[in-house]
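A quick write-up on the structure given underneath.
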Amino acid sequence: MKRVMVLYGGRSSEHEVSIISGATVAKSIPDDRYEKLLVGITKEGEWLLAPSVESMEDGSWKDSQTHVVLSPETDRTLLLIEGDRITRQTVDVAFPVLHGLWGEDGTVQGLFEMAKLPYVGCGHLSSAVTMDKFFTKIIVDSIGVAQAAYVPVRSWELEDMDAVINRIESKRKYPVFVKPSNAGSSVGVTKAHNREELRKGLLAAAVHDSKILVEEAIVGREIECAVFGCGDDTFASGVGEIVAAAEFYDYDAKYNNADSRTVVGPDLPEGKEDEFRDTALRIYKACDCFGMARVDFFLEAGTNRVVFNEINAIPGHTSISMYPMLMERAGRPMKEYIPELIEMASKRR
């Protein structure tokens with residue numbers, strides 16, 4: 001029986017969402033085929049052994065006295081430390097369910113590589129470039145996919161805020177979106193309608209990253225597509241639509257506003273669903289993705305142009321997350337595709 005480490009939580013601003021996703025994934029790993037080790041990372045960076053999925057859900061896992069260390073040696077060993085006692089535990093596969101920095105960005109994937117520990121999901125390079133919106137845009141440009149025009153800003157440039165804003169205003173018209181390059185779940189994203197809102201948005205984004213994107217605002221419907229697999233066995237699901245309760249689908253609209261809705265299988269103009277699916281596959285392969293990713297688009301109002309927005313290498317698995325809904329509709333429920341991802345991790349080596 002394979003031993004699978006489910007790694008969740010993390011130090012990013014998406015810590016709470018990652019715990020929910022981790023619990024959902026853990027429940028979908030069949031007990032008769034796999035032994036599960038549930039390892040949570042606190043906001044302070046401690047790795048703790050959770051006694052159960054229930055402890056993940058009620059928060060009591062943070063009271064665990066068993067600390068966990070992944071040895072970078074190549075024997076795939078976890079050190080379980082409780083007081084003066086150290087126990088060694090071999091792991092067969094790691095399943096990271098970490099959203100955002102220090103989990104979805106190639107850092108923990110690099111640690112797995114050093115330990116020669118097979119792991120679920122995109123590799124360290126593809127995780128890094130898909131997490132970083134700057135580099136994703138460069139790759140997507142190279143394959144000729146339409147995306148929002150943008151102005152790059154570095155946080156240290158904000159010392160001369162007027163110069164930065166003048167440069168942005170010379171290239172883009174309001175409204176614009178201001179985004180940290182490395183952040184997920186729309187954390188740190190704002191929409192600026194004027195100079196003062198742009199100033200506030202730049203400062204807010206700089207809290208999360210030293211690289212900032214100021215993008216043109218694409219008016220249109222928000223469409224998402226799930227991609228699963230590797231190589232010739234990769235497929236794209238049908239699509240879903242985000243109907244945000246707020247002006248845009250920010251963190252609060254996504255997780256705290258019950259009026260936001262996800263629509264699986266929305267009514268689209270003829271041929272557009274296939275275009276979304278084909279484009280999602282092109283982007284997935286260009287970014288060298290593996291296992292799973294969710295690719296997000298706009299269907300531009302007035303033109304019906306398919307415009308790429310972003311790609312998520314470890315998509316959410318909460319009760320309102322689009323990825324598992326789309327996979328379910330494609331005939332691949334979590335109880336099926338979660339074990340497939342675990343087996344795929346071993347095949348990569």
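Following the order of the structure tokens, first chain is A, next is B, and so on, with residues numbered from 1 inside each chain and ligands from 1 in the order they appear.
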Practice problem: Find the spatial neighbours of range 269-279 of chain A, counting only C-alpha atoms, within a cut-off of 8 Å - ignore same-chain residues fewer than 5 positions away - and output them as a PyMOL selection string. | Solution: chain A and resi 145+225+236-239+297+306
Would you save the residues from that selection as a CSV table (one decimal), in the first residue's frame, using all heavy atoms?
chain,number,residue,atom,x,y,z
A,145,VAL,N,-1.4,33.6,-28.4
A,145,VAL,CA,-2.7,33.6,-27.7
A,145,VAL,C,-3.0,35.1,-27.2
A,145,VAL,O,-2.1,35.7,-26.6
A,145,VAL,CB,-2.8,32.6,-26.6
A,145,VAL,CG1,-4.1,32.8,-25.8
A,145,VAL,CG2,-2.7,31.2,-27.1
A,225,CYS,N,-11.5,26.6,-17.6
A,225,CYS,CA,-11.4,25.3,-18.2
A,225,CYS,C,-10.4,24.4,-17.4
A,225,CYS,O,-9.4,24.9,-17.0
A,225,CYS,CB,-10.9,25.4,-19.6
A,225,CYS,SG,-10.8,23.8,-20.5
A,236,ALA,N,-8.8,18.4,-22.0
A,236,ALA,CA,-9.4,19.6,-21.5
A,236,ALA,C,-10.9,19.4,-21.3
A,236,ALA,O,-11.6,18.8,-22.2
A,236,ALA,CB,-9.2,20.8,-22.4
A,237,SER,N,-11.5,19.8,-20.2
A,237,SER,CA,-12.9,19.6,-19.9
A,237,SER,C,-13.7,20.5,-20.7
A,237,SER,O,-13.2,21.4,-21.4
A,237,SER,CB,-13.1,19.8,-18.4
A,237,SER,OG,-13.0,21.2,-18.1
A,238,GLY,N,-15.0,20.5,-20.4
A,238,GLY,CA,-15.9,21.6,-20.9
A,238,GLY,C,-15.5,22.8,-20.0
A,238,GLY,O,-14.6,22.8,-19.2
A,239,VAL,N,-16.3,23.9,-20.2
A,239,VAL,CA,-16.0,25.1,-19.5
A,239,VAL,C,-17.1,25.5,-18.5
A,239,VAL,O,-18.2,25.0,-18.5
A,239,VAL,CB,-15.8,26.3,-20.5
A,239,VAL,CG1,-14.7,25.9,-21.4
A,239,VAL,CG2,-17.1,26.6,-21.2
A,297,PHE,N,-10.1,32.4,-18.7
A,297,PHE,CA,-10.2,33.3,-19.8
A,297,PHE,C,-11.2,34.3,-19.6
A,297,PHE,O,-12.0,34.3,-18.7
A,297,PHE,CB,-10.6,32.4,-21.1
A,297,PHE,CG,-9.7,31.4,-21.5
A,297,PHE,CD1,-9.8,30.0,-21.0
A,297,PHE,CD2,-8.6,31.6,-22.3
A,297,PHE,CE1,-9.0,29.0,-21.4
A,297,PHE,CE2,-7.8,30.6,-22.7
A,297,PHE,CZ,-8.0,29.3,-22.3
A,306,VAL,N,-11.6,35.3,-27.5
A,306,VAL,CA,-11.1,34.5,-26.4
A,306,VAL,C,-9.8,35.1,-25.9
A,306,VAL,O,-8.9,35.2,-26.7
A,306,VAL,CB,-10.9,33.0,-26.8
A,306,VAL,CG1,-10.2,32.3,-25.7
A,306,VAL,CG2,-12.3,32.4,-27.1
Please provide the set of residues having any atom within 12 Å of Val263 in chain A, restricted to only C-alpha atoms, with same-chain residues fewer than 2 positions apart removed, written as an mmCIF file with C-alpha atoms, in the first residue's frame.
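Contents of part02.cif, freshly written:
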data_model
loop_
_atom_site.group_PDB
_atom_site.id
_atom_site.type_symbol
_atom_site.label_atom_id
_atom_site.label_comp_id
_atom_site.auth_asym_id
_atom_site.auth_seq_id
_atom_site.Cartn_x
_atom_site.Cartn_y
_atom_site.Cartn_z
ATOM 1 C CA ARG A 221 -17.589 36.920 -19.303
ATOM 2 C CA GLU A 222 -15.160 34.993 -17.071
ATOM 3 C CA ILE A 223 -14.685 31.440 -18.372
ATOM 4 C CA GLU A 224 -12.600 28.628 -16.855
ATOM 5 C CA CYS A 225 -11.408 25.282 -18.186
ATOM 6 C CA GLY A 238 -15.857 21.581 -20.868
ATOM 7 C CA VAL A 239 -15.990 25.094 -19.469
ATOM 8 C CA GLY A 240 -17.594 26.939 -16.576
ATOM 9 C CA GLU A 241 -18.489 30.570 -16.054
ATOM 10 C CA ILE A 242 -17.888 32.779 -13.031
ATOM 11 C CA VAL A 243 -20.727 35.171 -12.239
ATOM 12 C CA ALA A 244 -19.220 37.536 -9.675
ATOM 13 C CA SER A 260 -21.251 34.898 -6.531
ATOM 14 C CA ARG A 261 -22.068 31.884 -8.690
ATOM 15 C CA GLY A 265 -21.709 24.317 -19.036
ATOM 16 C CA PRO A 266 -22.813 27.909 -19.758
ATOM 17 C CA ASP A 267 -24.538 28.877 -22.987
ATOM 18 C CA LEU A 268 -21.837 30.121 -25.380
ATOM 19 C CA ILE A 320 -17.273 26.253 -4.689
ATOM 20 C CA SER A 321 -14.146 25.469 -6.731
ATOM 21 C CA MET A 322 -14.579 25.185 -10.458
ATOM 22 C CA TYR A 323 -11.963 22.511 -11.206
ATOM 23 C CA MET A 325 -17.056 20.665 -10.852
ATOM 24 C CA LEU A 326 -15.738 20.659 -14.410
ATOM 25 C CA ARG A 329 -19.184 17.043 -15.549
#
Practice problem: Extract, using only C-alpha atoms, all DNA, RNA and protein residues at most 12 Å from Glu340 in chain A, discarding same-chain residues fewer than 4 positions from it, and format them as a list of chain:residue names. | Solution: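 After dropping sequence-adjacent residues, the list is A:Ser28, A:Ile29, A:Pro30, A:Arg33, A:Phe95, A:Val120, A:Gly121, A:Phe228, A:Gly229, A:Cys230, A:Asp233, A:Gly291, A:Met292, A:Arg332, A:Pro333, A:Met334, A:Lys335, A:Glu336, A:Met344, A:Ala345, A:Ser346, A:Lys347.
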Quiz prompt | Tyr284 in chain A environment, 9 Å, only C-alpha atoms, sequence neighbours closer than 4 positions dropped, as number ranges by chain | solution = A: 227, 279-280, 288-290, 292-295, 311
Go ahead and write the residues just picked, N, CA and C atoms, as a short mmCIF file (atom, residue, chain, number, x, y, z; two decimals), in the first residue's frame.
data_model
loop_
_atom_site.label_atom_id
_atom_site.label_comp_id
_atom_site.auth_asym_id
_atom_site.auth_seq_id
_atom_site.Cartn_x
_atom_site.Cartn_y
_atom_site.Cartn_z
N VAL A 227 -7.84 21.31 -17.11
CA VAL A 227 -6.98 20.47 -17.95
C VAL A 227 -6.36 19.41 -17.06
N THR A 279 -7.45 26.18 -26.77
CA THR A 279 -6.49 27.19 -26.30
C THR A 279 -5.93 26.81 -24.94
N ALA A 280 -6.78 26.26 -24.06
CA ALA A 280 -6.31 25.82 -22.74
C ALA A 280 -5.25 24.73 -22.87
N ASP A 288 4.52 23.57 -19.99
CA ASP A 288 5.06 22.29 -19.53
C ASP A 288 4.36 21.79 -18.28
N CYS A 289 3.04 21.95 -18.24
CA CYS A 289 2.26 21.51 -17.09
C CYS A 289 2.14 19.99 -17.05
N PHE A 290 1.85 19.49 -15.87
CA PHE A 290 1.76 18.05 -15.65
C PHE A 290 0.71 17.78 -14.59
N MET A 292 -2.41 18.46 -13.52
CA MET A 292 -3.64 19.24 -13.57
C MET A 292 -3.32 20.73 -13.57
N ALA A 293 -4.25 21.50 -14.09
CA ALA A 293 -4.21 22.96 -14.01
C ALA A 293 -5.57 23.49 -14.44
N ARG A 294 -5.90 24.68 -13.98
CA ARG A 294 -7.11 25.36 -14.44
C ARG A 294 -6.69 26.60 -15.22
N VAL A 295 -7.25 26.75 -16.41
CA VAL A 295 -6.89 27.88 -17.27
C VAL A 295 -8.09 28.82 -17.35
N ILE A 311 -3.36 31.07 -15.38
CA ILE A 311 -3.38 29.62 -15.22
C ILE A 311 -3.01 29.29 -13.77
#
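Nearest-residue note for Trp102 in chain A: choosing from A:Thr74, A:Ser127, A:Ser155, A:Ser210, the minimum distance belongs to A:Ser127, counting only C-alpha atoms.
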Quiz item: Expressed in Å to a single decimal, how great is the separation between CA of His193 in chain A and CA of Ala217 in chain A?
Solution: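 That distance, rounded to one decimal, is 10.1 Å.
In this comparison, which uses only C-alpha atoms, the residue of A:Gln109, A:Gln147, A:Thr90, A:Ser18 approaching Met56 in chain A most closely is A:Ser18.
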Quiz item: Neighbours of Ala301 in chain A within 8 Å (only C-alpha atoms; same-chain residues fewer than 4 positions away dropped), as a ChimeraX atom specification?
Solution: /A:219-221,305
Practice problem: Assign secondary structure with DSSP using the backbone only, and return the residues of range 8-211 of chain A in strand (DSSP E or B) as a ChimeraX atom specification. | Solution: /A:8-9,34-41,47-50,67-70,77-82,85-90,93-97,119,147,150-154,176-180,190-192,211
Produce a table with one row for each residue of range 88-167 of chain A that has an atom at most 9 Å from any atom of range 199-208 of chain A, each row naming the nearest atom pair and its distance in Å at one decimal; use only C-alpha atoms; arrange rows by chain and rising residue number; format as JSON lines.
{"residue": "A:Val153", "atom": "CA", "partner": "A:Leu202", "partner_atom": "CA", "distance": 8.7}
{"residue": "A:Arg154", "atom": "CA", "partner": "A:Ala206", "partner_atom": "CA", "distance": 8.3}
{"residue": "A:Ser155", "atom": "CA", "partner": "A:Ala206", "partner_atom": "CA", "distance": 5.6}
{"residue": "A:Trp156", "atom": "CA", "partner": "A:Ala206", "partner_atom": "CA", "distance": 8.9}
{"residue": "A:Leu158", "atom": "CA", "partner": "A:Leu202", "partner_atom": "CA", "distance": 7.9}
{"residue": "A:Met161", "atom": "CA", "partner": "A:Arg199", "partner_atom": "CA", "distance": 7.4}
{"residue": "A:Asp162", "atom": "CA", "partner": "A:Arg199", "partner_atom": "CA", "distance": 8.8}
{"residue": "A:Ile165", "atom": "CA", "partner": "A:Arg199", "partner_atom": "CA", "distance": 7.4}
Quiz item: Which one of A:Met1, A:Leu7, A:Leu48, A:Ile218 sits closest to Ile20 in chain A if you count only C-alpha atoms?
Solution: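 Of all the options, A:Leu7 lies closest to Ile20 in chain A.
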Self-check item: Counting only C-alpha atoms, the option among A:Ala192, A:Ile212, A:Val176, A:Val140 closest to Glu157 in chain A
Solution: A:Ile212
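Closest to Glu216 in chain A among A:Trp47, A:Tyr174, A:Phe235, A:Trp61 is A:Tyr174, based on only C-alpha atoms.
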Exercise. Run DSSP on the backbone and give me the residues of range 50-287 of chain A it puts in alpha helix (DSSP H), as a ChimeraX atom specification.
Key: /A:53-58,107-114,124-131,133-142,161-171,195-206,251-255,272-286
